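Novice: Here you go, coords-v1.cif (mmCIF, C-alpha atoms):
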```
data_structure
#
loop_
_atom_site.label_atom_id
_atom_site.label_comp_id
_atom_site.auth_asym_id
_atom_site.auth_seq_id
_atom_site.Cartn_x
_atom_site.Cartn_y
_atom_site.Cartn_z
CA MET Q 1 -90.48 36.49 43.96
CA THR Q 2 -89.17 34.22 41.28
CA GLY Q 3 -89.47 37.02 38.78
CA GLN Q 4 -87.46 39.33 40.98
CA THR Q 5 -84.75 36.75 41.54
CA GLY Q 6 -84.59 36.15 37.85
CA LYS Q 7 -84.25 39.84 37.20
CA ASN Q 8 -81.53 40.18 39.83
CA MET Q 9 -79.59 37.30 38.39
CA GLU Q 10 -79.85 38.80 34.95
CA GLN Q 11 -78.52 42.09 36.26
CA ASP Q 12 -75.65 40.35 38.00
CA GLY Q 13 -74.88 38.54 34.79
CA ASP Q 14 -74.84 41.76 32.81
CA MET Q 15 -72.60 43.45 35.34
CA GLY Q 16 -70.28 40.49 35.25
CA ASN Q 17 -70.05 40.58 31.49
CA GLY Q 18 -69.32 44.25 31.58
CA LYS Q 19 -66.55 43.95 34.12
CA VAL Q 20 -64.81 40.67 33.45
CA ARG Q 21 -62.48 40.57 30.49
CA GLY Q 22 -62.11 37.21 28.82
CA PRO Q 23 -61.21 34.24 30.98
CA VAL Q 24 -59.73 36.21 33.89
CA ARG Q 25 -62.11 36.00 36.84
CA GLU Q 26 -62.31 38.52 39.62
CA THR Q 27 -61.37 36.29 42.52
CA GLY Q 28 -58.91 38.66 44.11
CA ARG Q 29 -56.03 36.44 42.99
CA ARG Q 30 -55.27 38.13 39.71
CA LYS Q 31 -51.60 37.22 39.89
CA ARG Q 32 -52.18 33.51 39.36
CA PRO Q 33 -52.38 32.94 35.61
CA ASN Q 34 -55.11 30.80 34.09
CA PHE Q 35 -53.88 27.20 34.28
CA LEU Q 36 -55.64 25.99 31.14
CA LEU Q 37 -54.19 28.83 29.08
CA CYS Q 38 -50.72 28.07 30.47
CA ALA Q 39 -51.16 24.42 29.48
CA VAL Q 40 -52.16 25.30 25.92
CA ILE Q 41 -49.38 27.88 25.54
CA GLY Q 42 -46.86 25.34 26.89
CA LEU Q 43 -47.98 22.56 24.56
CA VAL Q 44 -47.99 24.74 21.43
CA THR Q 45 -44.67 26.40 22.30
CA GLY Q 46 -42.98 23.06 23.00
CA LEU Q 47 -44.45 21.45 19.91
CA ALA Q 48 -43.26 24.22 17.56
CA ASN Q 49 -39.87 24.47 19.25
CA GLY Q 50 -39.29 20.72 18.94
CA LEU Q 51 -40.73 20.38 15.44
CA PHE Q 52 -38.93 23.36 13.90
CA GLY Q 53 -35.96 23.70 16.27
CA SER Q 54 -36.99 27.34 16.71
CA GLY Q 55 -39.95 29.63 17.08
CA GLY Q 56 -40.69 28.97 20.74
CA GLY Q 57 -40.15 32.61 21.68
CA THR Q 58 -42.10 33.87 18.69
CA ILE Q 59 -45.11 31.97 20.03
CA ALA Q 60 -44.61 32.22 23.79
CA VAL Q 61 -44.00 35.99 24.04
CA PRO Q 62 -47.15 37.22 22.22
CA ALA Q 63 -49.19 34.43 23.85
CA MET Q 64 -48.15 35.57 27.33
CA VAL Q 65 -48.74 39.23 26.45
CA HIS Q 66 -52.16 38.80 24.80
CA LEU Q 67 -53.62 35.78 26.60
CA LEU Q 68 -52.07 36.07 30.07
CA LYS Q 69 -51.87 39.87 30.02
CA ALA Q 70 -48.17 39.81 30.93
CA GLU Q 71 -46.07 42.92 30.55
CA GLU Q 72 -43.91 42.85 27.40
CA HIS Q 73 -40.52 43.00 29.14
CA ARG Q 74 -41.53 40.40 31.72
CA ALA Q 75 -42.89 38.15 28.98
CA HIS Q 76 -39.54 38.26 27.15
CA ALA Q 77 -37.62 37.29 30.29
CA THR Q 78 -40.12 34.59 31.26
CA ALA Q 79 -40.04 33.17 27.72
CA ILE Q 80 -36.31 32.47 28.07
CA ALA Q 81 -36.92 30.60 31.34
CA VAL Q 82 -39.59 28.56 29.51
CA ILE Q 83 -37.75 27.85 26.27
CA LEU Q 84 -34.39 26.91 27.78
CA PRO Q 85 -35.58 23.63 29.39
CA LEU Q 86 -37.69 22.81 26.32
CA THR Q 87 -34.68 23.38 24.07
CA VAL Q 88 -32.47 21.18 26.24
CA VAL Q 89 -35.00 18.33 26.01
CA SER Q 90 -35.39 18.74 22.23
CA SER Q 91 -31.61 18.98 21.76
CA VAL Q 92 -31.05 15.71 23.62
CA PHE Q 93 -33.72 14.07 21.45
CA TYR Q 94 -32.12 15.36 18.21
CA ILE Q 95 -28.65 14.25 19.36
CA THR Q 96 -29.80 10.74 20.27
CA LYS Q 97 -31.35 10.46 16.80
CA GLY Q 98 -27.96 11.41 15.30
CA TYR Q 99 -29.06 14.84 14.10
CA VAL Q 100 -26.03 16.83 15.24
CA ASP Q 101 -23.02 18.49 13.61
CA TRP Q 102 -20.71 19.87 16.30
CA GLY Q 103 -18.44 21.66 13.78
CA ILE Q 104 -21.27 23.81 12.40
CA THR Q 105 -22.76 24.24 15.86
CA ILE Q 106 -19.55 25.64 17.39
CA LYS Q 107 -18.87 28.04 14.51
CA ALA Q 108 -22.41 29.39 14.47
CA THR Q 109 -22.52 29.65 18.26
CA LEU Q 110 -19.34 31.73 18.42
CA GLY Q 111 -20.86 34.12 15.90
CA GLY Q 112 -24.09 34.08 17.87
CA LEU Q 113 -22.45 35.06 21.15
CA ALA Q 114 -20.80 38.06 19.47
CA GLY Q 115 -24.04 38.92 17.66
CA GLY Q 116 -26.13 38.66 20.81
CA TYR Q 117 -23.87 41.20 22.49
CA ILE Q 118 -24.07 43.59 19.54
CA GLY Q 119 -27.83 43.13 19.27
CA ALA Q 120 -28.37 43.87 22.96
CA LYS Q 121 -26.33 47.08 22.58
CA LEU Q 122 -28.20 48.11 19.43
CA LEU Q 123 -31.56 47.47 21.09
CA ASN Q 124 -31.38 50.72 23.02
CA ARG Q 125 -30.19 52.87 20.12
CA CYS Q 126 -31.58 51.63 16.85
CA PRO Q 127 -35.21 52.37 15.96
CA ASP Q 128 -36.21 48.84 15.09
CA LYS Q 129 -39.11 49.69 12.78
CA LEU Q 130 -37.08 49.32 9.60
CA LEU Q 131 -35.18 46.31 10.96
CA ARG Q 132 -38.44 44.52 11.77
CA ARG Q 133 -39.71 45.15 8.26
CA ILE Q 134 -36.48 43.78 6.76
CA PHE Q 135 -36.75 40.80 9.11
CA ALA Q 136 -40.33 40.08 8.00
CA ALA Q 137 -39.35 40.39 4.33
CA PHE Q 138 -36.41 38.03 4.87
CA MET Q 139 -38.67 35.44 6.53
CA ALA Q 140 -41.16 35.66 3.66
CA ALA Q 141 -38.44 35.23 1.01
CA ALA Q 142 -36.68 32.41 2.87
CA GLY Q 143 -40.01 30.70 3.58
CA LEU Q 144 -40.99 30.73 -0.09
CA LYS Q 145 -37.55 29.51 -1.16
CA MET Q 146 -37.73 26.61 1.31
CA ILE Q 147 -41.18 25.54 0.15
CA PHE Q 148 -40.50 25.71 -3.59
CA MET V 149 -13.14 26.16 1.42
CA ASN V 150 -12.73 25.47 5.09
CA ASN V 151 -12.00 29.14 5.84
CA TRP V 152 -14.93 30.22 3.70
CA ASN V 153 -17.08 27.80 5.67
CA TRP V 154 -15.91 29.29 8.94
CA ILE V 155 -16.68 32.85 7.79
CA VAL V 156 -20.13 32.04 6.44
CA LEU V 157 -21.16 30.09 9.55
CA PHE V 158 -19.75 32.75 11.87
CA LEU V 159 -21.61 35.50 9.95
CA ALA V 160 -24.83 33.48 9.96
CA GLY V 161 -24.50 33.11 13.72
CA LEU V 162 -23.62 36.79 14.08
CA ALA V 163 -26.64 38.02 12.10
CA SER V 164 -28.97 35.73 13.94
CA GLY V 165 -27.44 36.72 17.28
CA ILE V 166 -27.95 40.41 16.56
CA VAL V 167 -31.57 39.81 15.64
CA SER V 168 -32.31 37.67 18.70
CA GLY V 169 -30.43 40.15 20.91
CA MET V 170 -32.97 42.69 19.71
CA GLY V 171 -35.82 40.43 20.75
CA MET V 172 -36.75 38.80 17.46
CA GLY V 173 -36.50 35.13 16.57
CA GLY V 174 -32.90 34.35 15.67
CA GLY V 175 -33.74 30.86 14.42
CA ALA V 176 -35.74 32.41 11.60
CA ILE V 177 -32.41 33.67 10.22
CA LEU V 178 -29.95 30.98 11.23
CA ILE V 179 -31.90 27.93 10.00
CA PRO V 180 -32.73 29.19 6.49
CA VAL V 181 -29.20 30.57 6.02
CA LEU V 182 -27.70 27.24 7.07
CA VAL V 183 -30.07 25.25 4.87
CA LEU V 184 -29.73 27.51 1.81
CA VAL V 185 -25.96 28.12 2.09
CA ALA V 186 -24.25 25.24 3.92
CA ASN V 187 -27.06 22.71 3.35
CA PRO V 188 -26.38 20.21 6.16
CA GLY V 189 -29.99 18.98 5.94
CA GLN V 190 -33.05 20.39 7.63
CA HIS V 191 -32.74 18.27 10.80
CA ILE V 192 -29.10 19.23 11.42
CA ALA V 193 -29.86 22.91 10.79
CA GLN V 194 -32.60 22.75 13.41
CA SER V 195 -30.32 20.91 15.83
CA VAL V 196 -27.66 23.61 15.35
CA ASN V 197 -30.22 26.27 16.21
CA LEU V 198 -31.38 24.41 19.33
CA LEU V 199 -27.83 23.95 20.67
CA TYR V 200 -26.85 27.46 19.61
CA PHE V 201 -29.63 28.88 21.78
CA ILE V 202 -28.49 27.20 25.01
CA PRO V 203 -25.31 29.14 26.03
CA THR V 204 -26.81 32.54 25.19
CA ALA V 205 -30.03 31.67 27.00
CA VAL V 206 -28.17 30.54 30.13
CA VAL V 207 -26.38 33.90 30.34
CA ALA V 208 -29.61 35.83 29.70
CA LEU V 209 -31.48 33.71 32.24
CA VAL V 210 -28.96 34.41 35.02
CA ILE V 211 -29.29 38.16 34.36
CA HIS V 212 -33.09 37.99 34.31
CA ILE V 213 -33.22 35.96 37.54
CA ARG V 214 -30.95 38.51 39.25
CA ASN V 215 -33.18 41.35 38.05
CA LYS V 216 -36.26 39.37 39.16
CA SER V 217 -37.83 39.83 35.72
CA ILE V 218 -39.13 36.27 35.50
CA ASP V 219 -42.71 35.41 36.44
CA PHE V 220 -42.32 31.87 37.77
CA ARG V 221 -46.04 31.42 38.54
CA MET V 222 -46.55 31.77 34.81
CA ALA V 223 -43.38 29.93 33.75
CA VAL V 224 -43.78 26.72 35.77
CA PRO V 225 -47.11 25.45 34.37
CA ILE V 226 -46.05 26.48 30.85
CA ILE V 227 -42.78 24.55 31.24
CA ILE V 228 -44.52 21.39 32.51
CA PHE V 229 -46.82 21.21 29.48
CA GLY V 230 -44.10 22.60 27.25
CA LEU V 231 -41.84 19.61 28.00
CA ALA V 232 -44.55 17.25 26.75
CA GLY V 233 -44.95 19.39 23.64
CA ALA V 234 -41.17 19.50 23.10
CA LEU V 235 -40.91 15.71 23.18
CA ALA V 236 -43.86 15.31 20.82
CA GLY V 237 -42.54 17.96 18.43
CA SER V 238 -39.02 16.51 18.34
CA TRP V 239 -40.43 13.02 17.79
CA ILE V 240 -42.57 14.23 14.87
CA ALA V 241 -39.57 16.07 13.36
CA ALA V 242 -37.30 13.03 13.71
CA SER V 243 -39.80 10.76 12.02
CA MET V 244 -40.33 13.20 9.14
CA ASP V 245 -38.53 13.24 5.81
CA ALA V 246 -36.02 16.15 5.57
CA GLY V 247 -37.60 17.55 2.40
CA LEU V 248 -41.06 17.59 3.93
CA LEU V 249 -39.80 19.09 7.20
CA ARG V 250 -38.10 21.82 5.18
CA LYS V 251 -41.38 22.68 3.44
CA PHE V 252 -43.22 22.75 6.78
CA PHE V 253 -40.51 25.02 8.16
CA GLY V 254 -40.93 27.30 5.13
CA GLY V 255 -44.64 27.52 5.87
CA PHE V 256 -43.89 28.34 9.51
CA LEU V 257 -41.58 31.16 8.36
CA LEU V 258 -44.30 32.57 6.11
CA ALA V 259 -46.76 32.51 9.01
CA MET V 260 -44.27 34.29 11.29
CA SER V 261 -43.58 36.86 8.58
CA ALA V 262 -47.31 37.52 8.20
CA TYR V 263 -47.65 37.89 11.98
CA GLU V 264 -44.72 40.30 12.13
CA MET V 265 -46.31 42.52 9.47
CA PHE V 266 -49.75 42.35 11.11
CA ARG V 267 -48.29 43.15 14.54
CA LYS V 268 -46.35 46.08 13.12
CA GLY V 269 -49.56 47.62 11.85
CA ARG V 270 -51.22 47.23 15.23
CA ASN V 271 -48.28 48.79 17.05
CA ASN V 272 -48.33 51.78 14.71
CA GLY V 273 -51.98 52.26 15.48
CA GLY V 274 -51.38 52.02 19.20
CA LYS V 275 -48.32 54.20 19.54
#
```
Have the structure of the file written as structure tokens, please.
Specialist:
Amino acid sequence: MTGQTGKNMEQDGDMGNGKVRGPVRETGRRKRPNFLLCAVIGLVTGLANGLFGSGGGTIAVPAMVHLLKAEEHRAHATAIAVILPLTVVSSVFYITKGYVDWGITIKATLGGLAGGYIGAKLLNRCPDKLLRRIFAAFMAAAGLKMIF
Amino acid sequence: MNNWNWIVLFLAGLASGIVSGMGMGGGAILIPVLVLVANPGQHIAQSVNLLYFIPTAVVALVIHIRNKSIDFRMAVPIIIFGLAGALAGSWIAASMDAGLLRKFFGGFLLAMSAYEMFRKGRNNGGK
């Protein structure tokens, strides 16, 4: 009896391991994302975004795609909904500490609004392979220059 | 000098806007360009990037909400913990020396660059 039960349990376990991928359990509620993963993603995204004043999206989008199995397009949209409130909180903190220059901010923002429009238009036309490679090279060069 | 300043800042914003409009991190362009060209200090450069993000993000958010592209069941718990992280991160940045913060930021850029190259390879394999 006990031997049989043990064998059955072992089989169940094996089947479970075969079916279940990572932390997502088959409870019939696959839409609800894993709370612990959300908490970790939130903390890391907020921390980086506050510490570096950027990079929230760079962390949140791949984290949602790979860890929460979100669809790429949906992850991009959801990342904006996440990062906007975090950015507002961090901005208020920076401003109260006196770290603000409205002149630079307005000039860069005007350029950014125009650039965002152009970028969104280009997104559908331009094969971004080369652009991504240039972007990565730029980050590497700028990163090294800022460290040394 | 003032006109030159205008042009450089506008172009920095433009380049970074194009890149973020294409779905890549705009801050990775704007912050280093500001620091290396206009040099307002690392903290101010980061503050510019934070504020710069807000108007564009509001517009994008409205469009995404209308198109129902946002997964709120995923967003809400991430935001709750994200707010705690944002406060902690900003506090750490504010209490850090500008030179040190700049070096940390440089390291962060290198890490993102490495990820971008790694990810590119994976995508090529997949597609």
Novice: Considering all atoms listed in the file, can you say which of Q:Leu47, Q:Ala70, Q:Ala77, Q:Ala39 comes closest to Ala205 of chain V?
Specialist: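 Answer, going by the shortest atom-to-atom distance: Q:Ala77.
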Novice: Evaluate the PyMOL selection byres ((chain Q and resi 57) around 8) on the structure here and hand back the selected residues as a PyMOL selection string.
Specialist: (chain Q and resi 45+54-56+58-61+76+79-80+83) or (chain V and resi 173)
Novice: Atom CA of Val206 of chain V to atom CA of Thr105 of chain Q: how many Å, to one decimal?
Specialist: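 Answer for the atom CA of Val206 of chain V to atom CA of Thr105 of chain Q separation: 16.5 Å.
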Novice: Give me the result of the PyMOL selection byres ((chain V and resi 249-256) around 7) on this file, residue by residue, as a list of chain:residue names.
Specialist: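 This file, filtered by the PyMOL selection byres ((chain V and resi 249-256) around 7), leaves Q:Phe52, Q:Gly143, Q:Leu144, Q:Met146, Q:Ile147, V:Gln190, V:Ala241, V:Met244, V:Asp245, V:Ala246, V:Gly247, V:Leu248, V:Leu257, V:Leu258, V:Ala259, V:Met260.
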Novice: Might you pull out every residue within 10 Å of Ile218 of chain V, with all atoms listed in the file counted and same-chain residues fewer than 2 positions away left off, and present them as a list in words?
Specialist: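 That gives His73, Arg74, Ala75, His76, Ala77, Thr78, Ala79, Ile80, Ala81 and Val82 of chain Q; Leu209, His212, Ile213, Arg214, Asn215, Lys216, Phe220, Arg221, Met222 and Ala223 of chain V.
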Novice: Between atom CA of Ala176 of chain V and atom CA of Ala232 of chain V, what is the distance, to one decimal in Å?
Specialist: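 Straight-line distance from atom CA of Ala176 of chain V to atom CA of Ala232 of chain V works out to 23.2 Å.
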Novice: Just say which residues the PyMOL selection byres ((chain V and resi 158-162) around 7) picks in this file, as a PyMOL selection string.
Specialist: (chain Q and resi 107-112+114-115) or (chain V and resi 154-157+163-166+178+181)
Novice: In Å, how far is it from atom CA of Thr96 of chain Q to atom CA of Leu235 of chain V?
Specialist: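 Result for atom CA of Thr96 of chain Q versus atom CA of Leu235 of chain V: 12.5 Å, one decimal.
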Novice: Counting all atoms listed in the file, which of Q:Ala63, Q:Leu113, Q:Glu71, Q:Leu130 gets nearest to chain V?
Specialist: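 With all atoms listed in the file as the atom set, the closest residue is Q:Leu113.
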Novice: Here is a test: counting all atoms listed in the file, which residue of Q:His66, Q:Lys145, Q:Val92, Q:Gly42 is nearest to chain V?
Specialist: Q:Gly42
Novice: Return the single residue from Q:Val44, Q:Val100, Q:Leu67, Q:Leu36 that is closest to Asn197 of chain V, with distances computed using all atoms listed in the file.
Specialist: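 Using all atoms listed in the file, the shortest distance to Asn197 of chain V belongs to Q:Val100.
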Novice: Using all atoms listed in the file, which of the listed residues (Q:Gly50, Q:Pro85, Q:Pro62, Q:Gly103) sits closest to chain V?
Specialist: Q:Gly50
